[in-house]
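A short write-up of the structure that comes next.
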Amino acid sequence: MSTRTPPALVGRTLGSLRANRPFQLLWFSNLFFFGGVWTQTLVLGWLAWETTHSDFKVAVFGAVRLAPLLLGPFGGAFADRHNRVRLLLIACTWALAAAGVVATLASLGQASYGVLLVGGLALGLAQSPSQPARASLVLDLVGRQNLSNANALNSMALNMTQVIGPAAGGLLINGLGAPAALWISTIWYAVSLGLLLPLRGLGQVVHTHTGSALHLVTSGLRAIARNRMASTVLLITLAANILIWPIAQSFMPVFAEESLGLDAAGLGWLLTCGGVGGLLGSLVIAWLGDFRHKGALFVVGTAAWGAAWAFFGLSHDRIVSFVLMTAIGVLSAAFGVLQTTLLLMTTEAPLHGRALGIQELAIGVMPLTSLVLGAFAEHFGIGPTTFVSSALLVLSMAVLARWTPSLLRYGGS
């Protein structure tokens, strides 16, 4: 009996990937696409810190990198109206072209701070507006019953790239230089594009909407405002992206050098610990499949994630920080996987793209909050800023759970 258990567990965990060729292609395309994103984000962020040695200017880079998130509602409207596969092909082609230009300029020694800002913006334009199409296409390919499993597997792909990308980027910076790391990300975008090409005949089932894109966005906002459960999920996303994600996205080079005394390779390994933890957390959620307590895991897991960040902000011990970053990765899976799963499950199909676009808008507050947190970190230090911000996230989860207690009982019905 024990000889059959491991294959059964693997089969359950990888359920959405089995015998579903279109989702397999999308999953591997996501793997290489986000591999390029993580590598470029680390390298460009490190170069921004090395060029300026300013917490605030690193925050400015992070804000510019994340600014295209503000286009999320319009990306969602396009995802509801147009072929989602075609939108992903356009985004991947743009990423490939933009990465090639930045890598070429870095190879020529022309990677000034201004070039890094433009490169970060280009990367954001390739990634953020396409996310509603990417996430809603998953439901189109796997169906509602397999959605939690499929989203967990997508989160696994993202975390696998967070394991590989930062470690490879840090080692390449130390061994071969930043341009080599940027060329690696360019190659990954090319592979991602190649994997999407066989899906061109899919994604034809889209919902018929009339009116302008602005009308689609405003009607989607009104529909979400009337949906208490979906609104609460989005408010949790908003709180996390005001209080925690700006720190995770923009200030890790500052933690590495100021708090822990790490070089580029050490930064890569620190981020890799987060990726390993996220991979483990996503594996657990994938194994659970269509489990009953999705809402409770989302709320409680997000609160625990905030608490782990609070302890990380106070740590100056390398070993403790690496362990905490792994725990942060594990707990982040509850937030990262289930925010999209719950949003899709609590909204009607014609609204999925726009609901995900509003989610992108909630994430899009990061550019502004990165600047605010950067200013606080410049004055009070990155550790105390992280502790206070994380404590506020835990408090926010308690308030929102009391406001919508039905979310704690929600299982997907």
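Residue numbering restarts at 1 for every chain of the structure tokens, chains are lettered A, B, ... in their displayed order, and ligands are numbered from 1 as they appear.
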At a cut-off of 7 Å, can you tabulate as JSON lines every residue of segment 339-377 of chain A near segment 127-148 of chain A together with its closest atom pair and the distance in Å to one decimal, using only C-alpha atoms and ordering rows by chain then number?
```
{"residue": "A:Thr341", "atom": "CA", "partner": "A:Ser148", "partner_atom": "CA", "distance": 5.9}
{"residue": "A:His352", "atom": "CA", "partner": "A:Ser136", "partner_atom": "CA", "distance": 6.4}
{"residue": "A:Gly353", "atom": "CA", "partner": "A:Pro132", "partner_atom": "CA", "distance": 5.4}
{"residue": "A:Leu356", "atom": "CA", "partner": "A:Pro132", "partner_atom": "CA", "distance": 5.0}
{"residue": "A:Gly357", "atom": "CA", "partner": "A:Pro132", "partner_atom": "CA", "distance": 5.6}
```
Write a file of the just-selected residues containing N, CA and C atoms, as a compact mmCIF listing (two decimals), in the first residue's frame.
```
# COMPACT_ATOMS: atom_id res chain seq x y z
N THR A 341 -8.17 32.77 -6.59
CA THR A 341 -9.16 31.70 -6.58
C THR A 341 -10.48 32.19 -6.02
N HIS A 352 -15.17 38.17 -14.82
CA HIS A 352 -13.90 37.67 -14.31
C HIS A 352 -12.72 38.55 -14.69
N GLY A 353 -12.62 38.93 -15.95
CA GLY A 353 -11.48 39.74 -16.37
C GLY A 353 -11.42 41.06 -15.65
N LEU A 356 -10.45 40.70 -11.96
CA LEU A 356 -9.01 40.53 -11.85
C LEU A 356 -8.28 41.83 -12.18
N GLY A 357 -8.87 42.64 -13.06
CA GLY A 357 -8.29 43.94 -13.36
C GLY A 357 -8.35 44.88 -12.16
```
Excluding same-chain residues fewer than 5 positions from segment 289-299 of chain A, what lies within 8 Å of it counting only C-alpha atoms, as a list of chain:residue names? A:Arg12, A:Thr13, A:Gln145, A:Asn146, A:Leu147, A:Ser148, A:Asn149, A:Ala334, A:Phe335, A:Leu338, A:Gln339, A:Leu342, A:Met397, A:Ala401, A:Leu407, A:Leu408, A:Arg409, A:Tyr410, A:Gly411, A:Gly412
Expected file: the selected residues, all heavy atoms, as a compact mmCIF listing (two decimals), in the first residue's frame:
```txt
# COMPACT_ATOMS: atom_id res chain seq x y z
N ARG A 12 -2.60 13.63 -7.36
CA ARG A 12 -3.55 14.59 -6.81
C ARG A 12 -2.99 16.01 -6.84
O ARG A 12 -3.70 16.97 -7.18
CB ARG A 12 -3.90 14.19 -5.37
CG ARG A 12 -4.85 15.14 -4.67
CD ARG A 12 -5.26 14.59 -3.32
NE ARG A 12 -6.09 15.54 -2.59
CZ ARG A 12 -6.70 15.28 -1.44
NH1 ARG A 12 -6.57 14.07 -0.89
NH2 ARG A 12 -7.42 16.20 -0.84
N THR A 13 -1.73 16.14 -6.49
CA THR A 13 -1.12 17.47 -6.46
C THR A 13 -1.03 18.08 -7.85
O THR A 13 -1.24 19.28 -8.04
CB THR A 13 0.29 17.38 -5.84
OG1 THR A 13 0.18 16.81 -4.53
CG2 THR A 13 0.93 18.75 -5.75
N GLN A 145 -13.90 23.38 -10.72
CA GLN A 145 -13.54 22.40 -9.71
C GLN A 145 -12.03 22.28 -9.54
O GLN A 145 -11.53 21.98 -8.45
CB GLN A 145 -14.13 21.03 -10.07
CG GLN A 145 -13.93 19.97 -8.99
CD GLN A 145 -14.64 18.68 -9.32
OE1 GLN A 145 -15.32 18.56 -10.33
NE2 GLN A 145 -14.48 17.68 -8.45
N ASN A 146 -11.28 22.49 -10.62
CA ASN A 146 -9.82 22.37 -10.57
C ASN A 146 -9.12 23.71 -10.39
O ASN A 146 -7.89 23.77 -10.48
CB ASN A 146 -9.31 21.71 -11.85
CG ASN A 146 -9.74 20.27 -11.96
OD1 ASN A 146 -9.68 19.52 -10.99
ND2 ASN A 146 -10.20 19.86 -13.14
N LEU A 147 -9.88 24.77 -10.14
CA LEU A 147 -9.29 26.11 -10.14
C LEU A 147 -8.28 26.29 -9.02
O LEU A 147 -7.19 26.83 -9.24
CB LEU A 147 -10.39 27.17 -10.03
CG LEU A 147 -9.92 28.62 -10.02
CD1 LEU A 147 -9.18 28.96 -11.32
CD2 LEU A 147 -11.12 29.56 -9.84
N SER A 148 -8.63 25.86 -7.79
CA SER A 148 -7.71 26.03 -6.67
C SER A 148 -6.41 25.28 -6.92
O SER A 148 -5.31 25.80 -6.68
CB SER A 148 -8.36 25.54 -5.37
OG SER A 148 -7.48 25.71 -4.28
N ASN A 149 -6.51 24.06 -7.44
CA ASN A 149 -5.33 23.26 -7.76
C ASN A 149 -4.49 23.95 -8.84
O ASN A 149 -3.27 24.05 -8.72
CB ASN A 149 -5.75 21.86 -8.20
CG ASN A 149 -4.58 21.01 -8.66
OD1 ASN A 149 -4.27 20.96 -9.85
ND2 ASN A 149 -3.93 20.34 -7.73
N ALA A 334 -0.80 31.16 0.95
CA ALA A 334 -2.21 31.29 1.34
C ALA A 334 -2.81 32.56 0.75
O ALA A 334 -3.94 32.58 0.27
CB ALA A 334 -2.35 31.28 2.85
N PHE A 335 -2.03 33.64 0.78
CA PHE A 335 -2.50 34.90 0.20
C PHE A 335 -2.44 34.86 -1.33
O PHE A 335 -3.43 35.12 -2.01
CB PHE A 335 -1.66 36.06 0.71
CG PHE A 335 -1.94 37.37 0.02
CD1 PHE A 335 -3.05 38.11 0.37
CD2 PHE A 335 -1.11 37.83 -0.99
CE1 PHE A 335 -3.33 39.31 -0.27
CE2 PHE A 335 -1.37 39.02 -1.64
CZ PHE A 335 -2.49 39.77 -1.27
N LEU A 338 -4.90 32.04 -3.04
CA LEU A 338 -6.33 32.08 -2.75
C LEU A 338 -6.97 33.42 -3.06
O LEU A 338 -8.19 33.49 -3.24
CB LEU A 338 -6.57 31.69 -1.29
CG LEU A 338 -6.25 30.22 -0.99
CD1 LEU A 338 -6.36 29.93 0.49
CD2 LEU A 338 -7.17 29.30 -1.78
N GLN A 339 -6.20 34.52 -3.15
CA GLN A 339 -6.85 35.78 -3.50
C GLN A 339 -7.47 35.70 -4.88
O GLN A 339 -8.61 36.13 -5.09
CB GLN A 339 -5.84 36.93 -3.42
CG GLN A 339 -4.69 36.85 -4.39
CD GLN A 339 -3.87 38.12 -4.46
OE1 GLN A 339 -4.33 39.20 -4.09
NE2 GLN A 339 -2.63 38.01 -4.91
N LEU A 342 -10.46 32.87 -4.88
CA LEU A 342 -11.69 33.34 -4.24
C LEU A 342 -12.35 34.44 -5.06
O LEU A 342 -13.59 34.50 -5.14
CB LEU A 342 -11.38 33.84 -2.83
CG LEU A 342 -10.99 32.76 -1.82
CD1 LEU A 342 -10.51 33.40 -0.51
CD2 LEU A 342 -12.15 31.82 -1.55
N MET A 397 -6.42 42.39 9.09
CA MET A 397 -7.06 41.09 8.89
C MET A 397 -8.12 40.83 9.95
O MET A 397 -9.20 40.30 9.65
CB MET A 397 -6.01 39.97 8.92
CG MET A 397 -5.03 39.96 7.75
SD MET A 397 -5.84 39.94 6.14
CE MET A 397 -5.74 41.68 5.73
N ALA A 401 -12.03 40.37 8.91
CA ALA A 401 -12.68 39.11 9.26
C ALA A 401 -13.95 39.37 10.06
O ALA A 401 -14.96 38.66 9.89
CB ALA A 401 -11.72 38.23 10.07
N LEU A 407 -16.74 35.11 5.03
CA LEU A 407 -15.55 34.74 4.27
C LEU A 407 -14.77 33.63 4.99
O LEU A 407 -14.19 32.75 4.34
CB LEU A 407 -14.66 35.97 4.05
CG LEU A 407 -13.36 35.75 3.27
CD1 LEU A 407 -13.65 35.18 1.88
CD2 LEU A 407 -12.57 37.05 3.15
N LEU A 408 -14.76 33.66 6.31
CA LEU A 408 -14.07 32.62 7.08
C LEU A 408 -14.71 31.25 6.89
O LEU A 408 -14.04 30.23 7.06
CB LEU A 408 -14.06 32.98 8.57
CG LEU A 408 -13.20 34.18 8.96
CD1 LEU A 408 -13.46 34.56 10.41
CD2 LEU A 408 -11.72 33.90 8.75
N ARG A 409 -15.99 31.22 6.53
CA ARG A 409 -16.69 29.95 6.34
C ARG A 409 -16.78 29.53 4.88
O ARG A 409 -17.29 28.46 4.57
CB ARG A 409 -18.12 30.06 6.91
CG ARG A 409 -18.17 30.39 8.39
CD ARG A 409 -19.60 30.31 8.92
NE ARG A 409 -20.47 31.29 8.29
CZ ARG A 409 -20.66 32.53 8.76
NH1 ARG A 409 -20.02 32.93 9.86
NH2 ARG A 409 -21.47 33.37 8.16
N TYR A 410 -16.28 30.37 3.98
CA TYR A 410 -16.48 30.13 2.55
C TYR A 410 -15.57 29.02 2.04
O TYR A 410 -14.37 29.01 2.32
CB TYR A 410 -16.22 31.41 1.75
CG TYR A 410 -16.52 31.28 0.28
CD1 TYR A 410 -17.82 31.26 -0.18
CD2 TYR A 410 -15.49 31.17 -0.65
CE1 TYR A 410 -18.12 31.13 -1.52
CE2 TYR A 410 -15.77 31.06 -2.00
CZ TYR A 410 -17.09 31.04 -2.44
OH TYR A 410 -17.35 30.92 -3.77
N GLY A 411 -16.16 28.07 1.30
CA GLY A 411 -15.39 26.97 0.75
C GLY A 411 -15.42 26.87 -0.75
O GLY A 411 -14.79 25.99 -1.33
N GLY A 412 -16.18 27.76 -1.43
CA GLY A 412 -16.23 27.75 -2.88
C GLY A 412 -17.56 27.40 -3.47
O GLY A 412 -17.72 27.36 -4.68
```
Write out as a ChimeraX atom specification the residues lying within 10 Å of segment 70-75 of chain A, counting only C-alpha atoms and excluding same-chain residues fewer than 6 positions away. /A:81,87,125,128-133,213-214,216-218,220-221,353-367
Kindly give the distance, in Å, that separates atom CA of Val191 of chain A and atom CA of Ser29 of chain A, rounded to a single decimal. 7.3 Å
Minimum-distance residue to Thr186 of chain A, chosen among A:Ala95, A:Leu121, A:Ala248, A:Val254 (using only C-alpha atoms):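 For Thr186 of chain A, the nearest of the given residues is A:Ala95.
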